[in-house]
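Raw start38.tsv, TSV, C-alpha atoms:
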chain	number	residue	atom	x	y	z
A	15	MET	CA	-14.55	17.03	-11.77
A	16	THR	CA	-14.97	15.86	-8.18
A	17	ASP	CA	-14.22	18.14	-5.23
A	18	PHE	CA	-12.70	16.70	-2.08
A	19	LEU	CA	-12.49	18.36	1.31
A	20	LEU	CA	-9.80	16.27	3.00
A	21	ILE	CA	-9.55	16.42	6.80
A	22	ARG	CA	-6.88	14.90	9.01
A	23	HIS	CA	-8.21	13.27	12.18
A	24	GLY	CA	-7.91	15.04	15.52
A	25	GLU	CA	-5.07	14.57	17.98
A	26	THR	CA	-4.47	11.32	19.85
A	27	ALA	CA	-2.34	10.57	22.89
A	28	TRP	CA	0.12	8.85	20.57
A	29	ASN	CA	0.36	11.97	18.41
A	30	ARG	CA	1.26	13.86	21.58
A	31	GLU	CA	3.87	11.20	22.51
A	32	LEU	CA	5.21	11.13	18.92
A	33	ARG	CA	4.53	7.41	18.57
A	34	PHE	CA	4.10	5.62	15.26
A	35	GLN	CA	0.36	4.89	15.05
A	36	GLY	CA	0.03	3.40	11.61
A	37	GLN	CA	-3.00	1.14	11.47
A	38	LEU	CA	-3.32	0.55	15.20
A	39	ASP	CA	-6.72	1.75	16.42
A	40	VAL	CA	-5.94	4.68	18.74
A	41	PRO	CA	-8.80	6.96	19.93
A	42	LEU	CA	-8.77	10.74	20.07
A	43	ASN	CA	-7.48	12.30	23.27
A	44	GLU	CA	-9.19	15.23	25.02
A	45	MET	CA	-7.55	17.73	22.68
A	46	GLY	CA	-8.56	15.68	19.65
A	47	LEU	CA	-12.19	15.66	20.78
A	48	GLU	CA	-12.04	19.45	21.21
A	49	GLN	CA	-10.55	19.77	17.71
A	50	ALA	CA	-13.40	17.68	16.34
A	51	GLN	CA	-15.93	20.01	17.99
A	52	ARG	CA	-14.10	23.03	16.54
A	53	LEU	CA	-14.33	21.30	13.18
A	54	LYS	CA	-18.07	20.92	13.67
A	55	THR	CA	-18.42	24.65	14.34
A	56	ARG	CA	-16.33	25.42	11.26
A	57	MET	CA	-18.60	23.20	9.17
A	58	VAL	CA	-21.69	25.02	10.43
A	59	GLN	CA	-20.15	28.36	9.48
A	60	ALA	CA	-19.07	27.11	6.07
A	61	LEU	CA	-22.34	25.44	5.17
A	62	ALA	CA	-24.16	28.69	4.30
A	63	GLU	CA	-21.29	29.74	2.03
A	64	TRP	CA	-21.25	26.34	0.34
A	65	GLN	CA	-25.00	26.53	-0.20
A	66	ALA	CA	-24.64	29.94	-1.88
A	67	GLN	CA	-21.93	28.52	-4.13
A	68	GLY	CA	-23.83	25.35	-4.96
A	69	ARG	CA	-21.05	23.28	-3.36
A	70	VAL	CA	-22.88	21.57	-0.50
A	71	PRO	CA	-21.10	18.28	0.37
A	72	THR	CA	-23.00	15.26	-0.87
A	73	ARG	CA	-20.97	12.49	0.82
A	74	LEU	CA	-18.96	11.95	3.98
A	75	ILE	CA	-16.35	9.22	3.80
A	76	SER	CA	-13.87	8.22	6.51
A	77	SER	CA	-11.02	5.87	7.16
A	78	ASP	CA	-12.34	2.98	9.21
A	79	LEU	CA	-9.83	3.62	12.01
A	80	LEU	CA	-11.39	4.93	15.23
A	81	ARG	CA	-9.56	8.28	15.38
A	82	ALA	CA	-10.88	9.17	11.94
A	83	GLN	CA	-14.41	7.98	12.72
A	84	GLN	CA	-14.50	10.04	15.92
A	85	THR	CA	-13.41	13.11	13.96
A	86	ALA	CA	-16.00	12.46	11.25
A	87	GLN	CA	-18.95	12.06	13.63
A	88	PRO	CA	-19.42	15.79	14.46
A	89	VAL	CA	-19.10	16.57	10.74
A	90	ALA	CA	-21.83	14.00	10.01
A	91	GLU	CA	-24.10	15.76	12.51
A	92	VAL	CA	-23.74	19.03	10.59
A	93	LEU	CA	-24.04	17.63	7.09
A	94	GLY	CA	-26.77	15.12	7.88
A	95	HIS	CA	-24.95	12.34	6.04
A	96	THR	CA	-24.22	8.82	7.19
A	97	CYS	CA	-20.46	8.32	7.32
A	98	ILE	CA	-19.22	5.77	4.79
A	99	LEU	CA	-16.16	3.84	5.97
A	100	ASN	CA	-13.35	3.05	3.54
A	101	ALA	CA	-10.28	1.01	4.54
A	102	GLY	CA	-8.38	2.39	1.54
A	103	LEU	CA	-8.10	5.67	3.45
A	104	ARG	CA	-6.19	4.12	6.35
A	105	GLU	CA	-2.80	5.40	7.46
A	106	GLN	CA	0.33	3.72	6.15
A	107	CYS	CA	1.18	0.47	7.90
A	108	TYR	CA	4.47	0.86	9.78
A	109	GLY	CA	4.91	-2.79	10.73
A	110	VAL	CA	7.15	-3.41	13.74
A	111	PHE	CA	7.42	0.35	14.40
A	112	GLU	CA	3.74	0.73	15.27
A	113	GLY	CA	3.15	1.79	18.86
A	114	MET	CA	6.78	2.84	19.37
A	115	ARG	CA	8.58	6.18	19.78
A	116	SER	CA	11.77	6.89	17.86
A	117	PRO	CA	14.10	6.43	20.90
A	118	ASP	CA	12.56	3.00	21.52
A	119	ILE	CA	12.96	2.04	17.87
A	120	GLN	CA	16.59	3.19	17.84
A	121	ALA	CA	17.27	1.03	20.90
A	122	GLN	CA	15.36	-2.08	19.82
A	123	HIS	CA	15.63	-1.97	16.02
A	124	PRO	CA	18.75	0.12	15.24
A	125	GLU	CA	19.37	-1.30	11.76
A	126	ALA	CA	15.73	-0.95	10.73
A	127	TRP	CA	15.73	2.62	12.05
A	128	GLN	CA	18.72	3.53	9.92
A	129	ARG	CA	17.05	2.03	6.85
A	130	TRP	CA	13.87	3.97	7.58
A	131	LEU	CA	15.83	7.22	7.81
A	132	ALA	CA	16.86	6.77	4.19
A	133	PHE	CA	13.19	7.52	3.28
A	134	ASP	CA	13.41	5.20	0.29
A	135	ALA	CA	9.99	4.80	-1.32
A	136	ASP	CA	10.65	1.15	-2.16
A	137	GLU	CA	12.00	-0.01	1.20
A	138	ALA	CA	9.96	-1.05	4.24
A	139	VAL	CA	10.67	-2.43	7.68
A	140	GLU	CA	9.27	-5.79	8.72
A	141	GLY	CA	5.50	-5.95	8.27
A	142	ALA	CA	5.19	-2.45	6.81
A	143	GLU	CA	3.96	-1.01	3.51
A	144	THR	CA	6.49	0.64	1.27
A	145	THR	CA	5.76	4.30	0.62
A	146	ARG	CA	5.19	3.49	-3.05
A	147	ALA	CA	2.63	0.79	-2.26
A	148	PHE	CA	0.96	3.17	0.20
A	149	HIS	CA	0.87	5.96	-2.37
A	150	ASP	CA	-0.65	3.66	-4.99
A	151	ARG	CA	-3.34	2.54	-2.53
A	152	VAL	CA	-4.24	6.13	-1.59
A	153	ILE	CA	-4.40	7.46	-5.14
A	154	ALA	CA	-6.35	4.44	-6.38
A	155	THR	CA	-8.86	4.95	-3.57
A	156	LEU	CA	-9.33	8.64	-4.38
A	157	GLN	CA	-9.61	7.87	-8.09
A	158	ASP	CA	-12.31	5.31	-7.37
A	159	LEU	CA	-14.19	7.82	-5.21
A	160	ALA	CA	-13.82	10.52	-7.86
A	161	GLN	CA	-15.30	8.22	-10.48
A	162	GLN	CA	-18.04	6.90	-8.21
A	163	TYR	CA	-19.09	10.40	-7.12
A	164	ALA	CA	-18.23	12.34	-10.27
A	165	GLY	CA	-19.35	15.96	-10.12
A	166	GLU	CA	-20.05	15.80	-6.38
A	167	HIS	CA	-18.51	17.51	-3.35
A	168	VAL	CA	-17.10	14.88	-1.01
A	169	VAL	CA	-15.77	15.26	2.54
A	170	VAL	CA	-13.07	12.74	3.47
A	171	VAL	CA	-11.62	12.21	6.97
A	172	THR	CA	-8.29	10.47	6.88
A	173	HIS	CA	-4.67	10.54	8.14
A	174	GLY	CA	-1.49	12.57	7.90
A	175	GLY	CA	0.33	10.03	5.76
A	176	VAL	CA	-2.56	9.87	3.30
A	177	LEU	CA	-2.48	13.66	2.96
A	178	ASP	CA	1.29	13.56	2.43
A	179	MET	CA	0.72	11.19	-0.51
A	180	VAL	CA	-1.94	13.54	-1.91
A	181	TRP	CA	0.44	16.51	-1.64
A	182	ARG	CA	3.30	14.67	-3.32
A	183	HIS	CA	1.09	13.33	-6.09
A	184	ALA	CA	-0.50	16.71	-6.84
A	185	GLN	CA	2.88	18.47	-6.81
A	186	ALA	CA	4.61	15.71	-8.82
A	187	LEU	CA	7.15	15.27	-6.02
A	188	SER	CA	9.33	12.24	-5.35
A	189	LEU	CA	7.91	9.61	-3.02
A	190	SER	CA	11.34	9.28	-1.45
A	191	GLY	CA	12.57	11.77	1.12
A	192	PRO	CA	10.92	13.21	4.25
A	193	ARG	CA	7.59	15.00	4.40
A	194	VAL	CA	7.78	18.66	3.34
A	195	CYS	CA	4.21	19.97	3.81
A	196	ASP	CA	2.23	21.00	6.90
A	197	ILE	CA	-0.55	18.61	7.87
A	198	PRO	CA	-2.22	19.77	11.11
A	199	ASN	CA	-4.61	17.56	13.03
A	200	ALA	CA	-8.21	18.51	12.13
A	201	GLY	CA	-6.94	20.79	9.37
A	202	LEU	CA	-8.83	21.35	6.10
A	203	ASN	CA	-7.46	20.62	2.64
A	204	GLN	CA	-9.42	21.28	-0.53
A	205	VAL	CA	-8.43	19.37	-3.66
A	206	ALA	CA	-10.11	18.59	-6.96
A	207	TRP	CA	-9.88	15.48	-9.09
A	208	ARG	CA	-9.77	16.88	-12.59
A	209	ASP	CA	-8.42	15.53	-15.89
A	210	GLY	CA	-7.22	12.36	-14.22
A	211	GLY	CA	-5.22	14.06	-11.49
A	212	LEU	CA	-5.35	15.90	-8.17
A	213	HIS	CA	-5.20	19.69	-8.00
A	214	ILE	CA	-4.70	21.51	-4.68
A	215	GLN	CA	-6.97	24.48	-4.02
A	216	LEU	CA	-6.47	24.98	-0.27
A	217	TRP	CA	-4.02	23.36	2.13
A	218	ALA	CA	-3.49	23.10	5.92
A	219	ASP	CA	-6.27	25.51	6.87
A	220	ALA	CA	-6.47	25.38	10.66
A	221	ALA	CA	-8.00	28.79	11.40
A	222	HIS	CA	-10.66	27.13	13.58
A	223	LEU	CA	-7.87	25.83	15.87
A	224	ALA	CA	-5.88	29.06	16.15
A	225	ASP	CA	-6.27	29.62	19.90
A	226	LEU	CA	-5.54	26.01	20.91
A	227	PRO	CA	-2.10	24.86	22.18
A	228	ASP	CA	0.57	24.10	19.59
A	229	GLN	CA	0.23	20.71	17.98
A	230	PRO	CA	2.92	18.03	18.32
A	231	VAL	CA	5.05	17.87	15.19
A	232	TYR	CA	7.11	14.82	14.22
A	233	SER	CA	9.67	16.27	11.84
A	234	GLN	CA	11.02	13.73	9.38
A	235	GLN	CA	13.21	16.44	7.86
A	236	ARG	CA	14.79	17.18	11.24
A	237	LEU	CA	15.53	13.49	11.81
A	238	LEU	CA	17.25	13.33	8.44
A	239	GLU	CA	19.31	16.44	9.24
A	240	VAL	CA	20.41	14.97	12.57
A	241	ARG	CA	21.41	11.73	10.88
A	242	GLU	CA	23.47	13.62	8.29
A	243	GLN	CA	25.13	15.72	11.00
A	244	LEU	CA	26.08	12.61	12.96
A	245	ALA	CA	27.41	10.94	9.81
A	246	ALA	CA	29.52	14.01	8.99
A	247	GLN	CA	30.86	14.15	12.54
A	248	THR	CA	31.76	10.47	12.42
A	249	HIS	CA	33.57	11.04	9.13
A	250	VAL	CA	35.56	13.96	10.56
A	251	ASN	CA	36.49	12.01	13.65
A	252	GLY	CA	37.49	9.05	11.54
A	253	VAL	CA	39.72	11.18	9.34
A	254	ALA	CA	41.26	12.85	12.35
Would you mind writing the structure in this file as structure tokens?
Amino acid sequence: MTDFLLIRHGETAWNRELRFQGQLDVPLNEMGLEQAQRLKTRMVQALAEWQAQGRVPTRLISSDLLRAQQTAQPVAEVLGHTCILNAGLREQCYGVFEGMRSPDIQAQHPEAWQRWLAFDADEAVEGAETTRAFHDRVIATLQDLAQQYAGEHVVVVTHGGVLDMVWRHAQALSLSGPRVCDIPNAGLNQVAWRDGGLHIQLWADAAHLADLPDQPVYSQQRLLEVREQLAAQTHVNGVA
């Protein structure tokens, strides 16, 4: 068995603006840097408990994108490990949507936006990864890490989309459809790779961020509901 402590990167300006970041290299904003420092404090507090349990992290691995590296650096200072970069832990590539907010996409790429709102795991806009290809990349990366560091306790700093794939895989959920789990910036998620699969032990722990302002939330479910409401209204008006 290999234990993973999976951490989403801290907040960026584009998170706050609800822009698609994807694989563009966006740095942490002021809040994200504060979240990373809170994470460092949480790691210091947890280290004594881990030592008593014999679960001291042996590796620190991060997505190679800047926002993940900046989040991982304070953790590295606590654990005393050099951060290993792994491109397999990058966020999903969103192609032409990257750097854009949903109103901009609706105005400039209306047909692509409607296709994206179908949340079909095998469809992708121009230049993007399909959700299925993204999922396969994420799970293959974690499997490789689990095999390489078998029996160890590994800290991984990554992205919201990666964690969504972990949640779906562990819960045997469809890859189609909007995200259904909470994934806070700088939140902690404990999973184990055991018997060839992922098993969730702790999810979306953000106690160390409790007194900070509310995080921006891009609700895929809400977008889908709005689309369905508009479609129903159009149908009623058409019948009338």
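Among the candidate residues A:Arg22, A:Thr144, A:Val40, A:Glu166, the one lying nearest to Asp196 (chain A) is A:Arg22, with distances computed using all atoms listed in the file.
Of the listed residues A:Gln84, A:Gln215, A:Gln229, A:Gln59, the one whose atoms come nearest to Leu20 (chain A) is A:Gln215, with distances taken using all atoms listed in the file.
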- Close residues, Arg81 (chain A) itself excluded, 8 Å, only C-alpha atoms, min 6 positions apart in chain, as an NGL selection string: :A and (23-24 or 26 or 39-42)
With C-alpha atoms retained, export the selected residues as a JSON list (two decimals), keeping the file's coordinate frame.
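Done, and the output landed in out32.json:
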[["chain", "number", "residue", "atom", "x", "y", "z"],
["A", 23, "HIS", "CA", -8.21, 13.27, 12.18],
["A", 24, "GLY", "CA", -7.91, 15.04, 15.52],
["A", 26, "THR", "CA", -4.47, 11.32, 19.85],
["A", 39, "ASP", "CA", -6.72, 1.75, 16.42],
["A", 40, "VAL", "CA", -5.94, 4.68, 18.74],
["A", 41, "PRO", "CA", -8.80, 6.96, 19.93],
["A", 42, "LEU", "CA", -8.77, 10.74, 20.07]]
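Minimum atom-to-atom distance to His167 (chain A), evaluated using all atoms listed in the file, belongs to A:Asp17 out of A:Asp134, A:Glu91, A:Asp209, A:Asp17.
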Within 12 Å of Cys97 (chain A) using all atoms listed in the file, minus same-chain residues under 5 positions, as a short mmCIF file (atom, residue, chain, number, x, y, z; two decimals) with C-alpha atoms, in the frame of the given file:
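Saved as out.cif:
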data_model
loop_
_atom_site.label_atom_id
_atom_site.label_comp_id
_atom_site.auth_asym_id
_atom_site.auth_seq_id
_atom_site.Cartn_x
_atom_site.Cartn_y
_atom_site.Cartn_z
CA THR A 72 -23.00 15.26 -0.87
CA ARG A 73 -20.97 12.49 0.82
CA LEU A 74 -18.96 11.95 3.98
CA ILE A 75 -16.35 9.22 3.80
CA SER A 76 -13.87 8.22 6.51
CA SER A 77 -11.02 5.87 7.16
CA ASP A 78 -12.34 2.98 9.21
CA ALA A 82 -10.88 9.17 11.94
CA GLN A 83 -14.41 7.98 12.72
CA GLN A 84 -14.50 10.04 15.92
CA THR A 85 -13.41 13.11 13.96
CA ALA A 86 -16.00 12.46 11.25
CA GLN A 87 -18.95 12.06 13.63
CA PRO A 88 -19.42 15.79 14.46
CA VAL A 89 -19.10 16.57 10.74
CA ALA A 90 -21.83 14.00 10.01
CA GLU A 91 -24.10 15.76 12.51
CA VAL A 92 -23.74 19.03 10.59
CA VAL A 168 -17.10 14.88 -1.01
CA VAL A 169 -15.77 15.26 2.54
CA VAL A 170 -13.07 12.74 3.47
CA VAL A 171 -11.62 12.21 6.97
#
- Spatial neighbours of region 216-226 of chain A, 6 Å, all atoms listed in the file, chain gap at least 5 places, as a PyMOL selection string: chain A and resi 197+201-204
- Could you give me, as a PyMOL selection string, the residues within 9 Å of Gly211 (chain A), counting all atoms listed in the file and dropping anything in the same chain fewer than 4 positions from it? chain A and resi 157+183-184+206-207
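When CA of Gly175 (chain A) is paired with CA of Tyr163 (chain A), their separation reads 23.3 Å.
For the atom pair formed by CA of Ala147 (chain A) and CA of Arg104 (chain A), the distance is 12.8 Å, given to one decimal.
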- Pairwise distance, CA of Asn29 (chain A) with CA of Arg193 (chain A), equals 16.1 Å
- Message: Need the shell around Gly210 (chain A): protein/DNA/RNA residues with any atom at most 12 Å away, counting all atoms listed in the file. Skip same-chain ones fewer than 2 positions apart. Format as a PyMOL selection string?
- Response: chain A and resi 15-16+153-154+156-158+160-161+164+183-184+206-208+212-213
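For the residues A:Ala135, A:Ala200, A:Ile98, A:Val205, ranking by smallest atom-to-atom distance to Leu47 (chain A) using only C-alpha atoms places A:Ala200 first.
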- Task: Could you give me, as a VMD selection string, the residues that have an atom at most 10 Å away from the point (14.7, 3.5, 16.8) in the coordinates of the file, using only C-alpha atoms?
- Result: chain A and resid 111 114 to 128 130 to 131
